[in-house]
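Trainee: Sharing a structure with you now.
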Amino acid sequence: EMNLQIEDKGAAVLLAIEEERLDAHNSGELKNQMLKLFEEGKNNLVVDLQAVRFVDSSGLGALVSGFKNASSRNGNLKLSGLQLQVKSMFELTRLHRVFEIYTDSTEALSSFQQ
């Protein structure tokens with residue numbers, strides 16, 4: 001069972017991943033949670049990775065698929081709170097050019113209100 005806090009903030013839904021790792025063990029669950037939100041018509045998401053210290057390719061894959069799903073529904077998936085190790089993974093895979101990345105979730109959420 002993945003430790004995931006989901007809060008509807010109005011402009012967007014905040015998903016705070018309260019796990020040290022986002023990997024093959026739990027990325028499927030994140031994917032399912034995001035799909036559930038999309039099915040409910042919630043297409044603007046902020047995924048907060050503040051607690052996450054490690055992301056593997058399946059974790060990145062889950063986030064990319066969430067991003068694509070959001071985009072295809074005219075929404076957006078933004079990221080916040082990336083730790084250095086995680087940030088370097090995004091830079092290594094060039095994904096920092098795909099996602100809008102914010103320092104914290106407050107900043108990411110307010111970017112939806114413009």
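Chains: A, B, ... in order of the structure tokens. Residues: from 1 per chain. Ligands: from 1, in order shown.
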Can you tell me, as a list in words, which residues in chain A count as strand (DSSP E or B) by DSSP?
Mentor: Leu4, Gln5, Ile6, Glu7, Asp8, Val13, Leu14, Leu15, Ala16, Ile17, Arg21, Leu22, Asn44, Leu45, Val46, Val47, Asp48, Phe54, Val55, Asn76, Leu77, Lys78, Leu79, Ser80, Ile101 and Tyr102 of chain A
Trainee: Got a sec: who's within 12 Å of Gln33 in chain A, counting only C-alpha atoms, leaving out chain neighbours fewer than 6 positions off, as number ranges by chain?
Mentor: A: 1-6, 13-17, 26-27, 39-40, 42, 45, 47, 62-63, 66
Trainee: Taking N, CA and C atoms for each residue, export the selection above as a PDB file, in the first residue's frame.
Mentor:
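What ended up in out_18.pdb:
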ATOM      1  N   GLU A   1       0.848  -1.202   0.000  1.00  0.00           N
ATOM      2  CA  GLU A   1       0.000   0.000   0.000  1.00  0.00           C
ATOM      3  C   GLU A   1       0.882   1.249   0.000  1.00  0.00           C
ATOM      4  N   MET A   2       0.662   2.090  -0.995  1.00  0.00           N
ATOM      5  CA  MET A   2       1.513   3.264  -1.143  1.00  0.00           C
ATOM      6  C   MET A   2       1.049   4.392  -0.238  1.00  0.00           C
ATOM      7  N   ASN A   3       2.000   5.072   0.353  1.00  0.00           N
ATOM      8  CA  ASN A   3       1.693   6.217   1.190  1.00  0.00           C
ATOM      9  C   ASN A   3       1.527   7.447   0.310  1.00  0.00           C
ATOM     10  N   LEU A   4       0.261   7.813   0.066  1.00  0.00           N
ATOM     11  CA  LEU A   4      -0.041   8.867  -0.884  1.00  0.00           C
ATOM     12  C   LEU A   4      -1.163   9.727  -0.328  1.00  0.00           C
ATOM     13  N   GLN A   5      -0.900  11.025  -0.176  1.00  0.00           N
ATOM     14  CA  GLN A   5      -1.951  11.942   0.290  1.00  0.00           C
ATOM     15  C   GLN A   5      -2.553  12.640  -0.924  1.00  0.00           C
ATOM     16  N   ILE A   6      -3.873  12.542  -1.068  1.00  0.00           N
ATOM     17  CA  ILE A   6      -4.533  13.191  -2.192  1.00  0.00           C
ATOM     18  C   ILE A   6      -5.477  14.260  -1.674  1.00  0.00           C
ATOM     19  N   VAL A  13      -5.445  19.063  -8.165  1.00  0.00           N
ATOM     20  CA  VAL A  13      -5.391  18.061  -7.104  1.00  0.00           C
ATOM     21  C   VAL A  13      -3.928  17.829  -6.745  1.00  0.00           C
ATOM     22  N   LEU A  14      -3.652  17.857  -5.451  1.00  0.00           N
ATOM     23  CA  LEU A  14      -2.292  17.653  -4.964  1.00  0.00           C
ATOM     24  C   LEU A  14      -2.107  16.196  -4.558  1.00  0.00           C
ATOM     25  N   LEU A  15      -1.121  15.557  -5.140  1.00  0.00           N
ATOM     26  CA  LEU A  15      -0.749  14.197  -4.752  1.00  0.00           C
ATOM     27  C   LEU A  15       0.620  14.267  -4.108  1.00  0.00           C
ATOM     28  N   ALA A  16       0.655  14.062  -2.805  1.00  0.00           N
ATOM     29  CA  ALA A  16       1.936  14.075  -2.101  1.00  0.00           C
ATOM     30  C   ALA A  16       2.380  12.632  -1.883  1.00  0.00           C
ATOM     31  N   ILE A  17       3.500  12.294  -2.484  1.00  0.00           N
ATOM     32  CA  ILE A  17       4.030  10.937  -2.346  1.00  0.00           C
ATOM     33  C   ILE A  17       4.878  10.876  -1.094  1.00  0.00           C
ATOM     34  N   ASN A  26       5.823   0.558  -6.377  1.00  0.00           N
ATOM     35  CA  ASN A  26       4.643   1.387  -6.083  1.00  0.00           C
ATOM     36  C   ASN A  26       4.208   2.310  -7.222  1.00  0.00           C
ATOM     37  N   SER A  27       4.967   2.323  -8.332  1.00  0.00           N
ATOM     38  CA  SER A  27       4.599   3.257  -9.401  1.00  0.00           C
ATOM     39  C   SER A  27       3.276   2.874 -10.069  1.00  0.00           C
ATOM     40  N   GLU A  39     -10.520  10.056 -14.501  1.00  0.00           N
ATOM     41  CA  GLU A  39     -11.874   9.580 -14.770  1.00  0.00           C
ATOM     42  C   GLU A  39     -12.916  10.434 -14.064  1.00  0.00           C
ATOM     43  N   GLU A  40     -12.524  11.036 -12.957  1.00  0.00           N
ATOM     44  CA  GLU A  40     -13.434  11.935 -12.227  1.00  0.00           C
ATOM     45  C   GLU A  40     -13.417  13.342 -12.830  1.00  0.00           C
ATOM     46  N   LYS A  42     -10.740  15.262 -13.073  1.00  0.00           N
ATOM     47  CA  LYS A  42      -9.721  16.116 -12.448  1.00  0.00           C
ATOM     48  C   LYS A  42      -8.440  15.984 -13.267  1.00  0.00           C
ATOM     49  N   LEU A  45      -3.054  18.206 -12.083  1.00  0.00           N
ATOM     50  CA  LEU A  45      -2.456  17.543 -10.931  1.00  0.00           C
ATOM     51  C   LEU A  45      -1.107  18.167 -10.582  1.00  0.00           C
ATOM     52  N   VAL A  47       2.113  16.722  -8.496  1.00  0.00           N
ATOM     53  CA  VAL A  47       2.700  15.598  -7.779  1.00  0.00           C
ATOM     54  C   VAL A  47       3.874  16.132  -6.972  1.00  0.00           C
ATOM     55  N   ALA A  62       5.634   6.288 -14.862  1.00  0.00           N
ATOM     56  CA  ALA A  62       4.304   6.567 -14.308  1.00  0.00           C
ATOM     57  C   ALA A  62       3.999   8.056 -14.384  1.00  0.00           C
ATOM     58  N   LEU A  63       4.983   8.880 -14.066  1.00  0.00           N
ATOM     59  CA  LEU A  63       4.798  10.333 -14.111  1.00  0.00           C
ATOM     60  C   LEU A  63       4.595  10.816 -15.548  1.00  0.00           C
ATOM     61  N   GLY A  66       1.140   9.913 -16.649  1.00  0.00           N
ATOM     62  CA  GLY A  66       0.198  10.848 -16.029  1.00  0.00           C
ATOM     63  C   GLY A  66       0.202  12.183 -16.754  1.00  0.00           C
TER      64      GLY A  66
END
Trainee: Using only C-alpha atoms, find the one residue out of A:Leu84, A:Ser111, A:Glu7, A:Leu95 that sits nearest to Val64 in chain A.
Mentor: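 Counting only C-alpha atoms, the residue closest to Val64 in chain A is A:Leu95.
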Trainee: Using only C-alpha atoms, can you tell me which of A:Ala24, A:Gly59, A:Ala108, A:Gly41 comes closest to Gly75 in chain A?
Mentor: A:Gly41
Trainee: DSSP says alpha helix (DSSP H) for which residues of chain A? Put them as an MDAnalysis selection string?
Mentor: chainID A and resid 27:39 57:72 84:92 105:110
Trainee: Tell me, in Å to one decimal, how far CA of Thr106 in chain A is from CA of Lys87 in chain A.
Mentor: 18.5 Å
Trainee: Using only C-alpha atoms, I'd like a table of the residues in range 16-41 of chain A that come within 9 Å of range 67-72 of chain A; for each, show the closest atom pair and its distance in Å rounded to one decimal, ordered by chain and ascending number, as a Markdown table.
Mentor:
| residue | atom | partner | partner_atom | distance |
| --- | --- | --- | --- | --- |
| A:Met34 | CA | A:Asn69 | CA | 8.9 |
| A:Leu35 | CA | A:Asn69 | CA | 8.1 |
| A:Phe38 | CA | A:Ala70 | CA | 7.3 |
Trainee: Filtering to all heavy atoms, could you give me those residues as a short mmCIF file (atom, residue, chain, number, x, y, z; two decimals), in the first residue's frame?
Mentor:
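Below is the file out-v4.cif, written as the result:
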data_model
loop_
_atom_site.label_atom_id
_atom_site.label_comp_id
_atom_site.auth_asym_id
_atom_site.auth_seq_id
_atom_site.Cartn_x
_atom_site.Cartn_y
_atom_site.Cartn_z
N MET A 34 -3.86 8.19 -10.35
CA MET A 34 -3.98 9.30 -11.29
C MET A 34 -5.09 9.02 -12.29
O MET A 34 -5.90 9.91 -12.59
CB MET A 34 -2.64 9.54 -12.00
CG MET A 34 -1.57 10.13 -11.07
SD MET A 34 -0.08 10.71 -11.92
CE MET A 34 0.64 9.20 -12.52
N LEU A 35 -5.18 7.78 -12.77
CA LEU A 35 -6.25 7.42 -13.71
C LEU A 35 -7.63 7.64 -13.09
O LEU A 35 -8.55 8.11 -13.75
CB LEU A 35 -6.10 5.96 -14.15
CG LEU A 35 -5.11 5.70 -15.27
CD1 LEU A 35 -4.94 4.21 -15.52
CD2 LEU A 35 -5.52 6.41 -16.55
N PHE A 38 -8.37 11.26 -13.25
CA PHE A 38 -8.70 11.67 -14.61
C PHE A 38 -10.14 11.27 -14.95
O PHE A 38 -10.88 12.02 -15.57
CB PHE A 38 -7.74 11.07 -15.63
CG PHE A 38 -6.32 11.58 -15.51
CD1 PHE A 38 -5.25 10.71 -15.56
CD2 PHE A 38 -6.07 12.93 -15.34
CE1 PHE A 38 -3.94 11.17 -15.45
CE2 PHE A 38 -4.76 13.42 -15.23
CZ PHE A 38 -3.70 12.52 -15.29
#
Trainee: Compile the contact shell of Arg97 in chain A as a ChimeraX atom specification: residues with an atom at most 12 Å away, counting only C-alpha atoms, same-chain residues fewer than 3 positions apart removed.
Mentor: /A:64,78-79,87,90-94,100-101
Trainee: So, with only C-alpha atoms as the atoms that count, which of A:Glu29, A:Asp23, A:Glu107, A:Glu18 lies closest to Leu49 in chain A?
Mentor: A:Glu18
Trainee: Considering only C-alpha atoms, state which residue in the set A:Asn32, A:Leu22, A:Asp56, A:Leu37 is at the smallest distance from Asp8 in chain A.
Mentor: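 For Asp8 in chain A, the nearest of the given residues is A:Leu37.
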Trainee: Rank nothing, just name the residue among A:Ser110, A:Ser105, A:Gln50, A:Ser65 nearest to Leu82 in chain A, using only C-alpha atoms.
Mentor: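 The answer is A:Gln50, which sits nearest to Leu82 in chain A.
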Trainee: Quick one: everything within 10 Å of Gln83 in chain A, counting only C-alpha atoms, minus sequence neighbours fewer than 3 positions away in the same chain. Send it as number ranges by chain.
Mentor: A: 49-54, 80, 86-88, 103
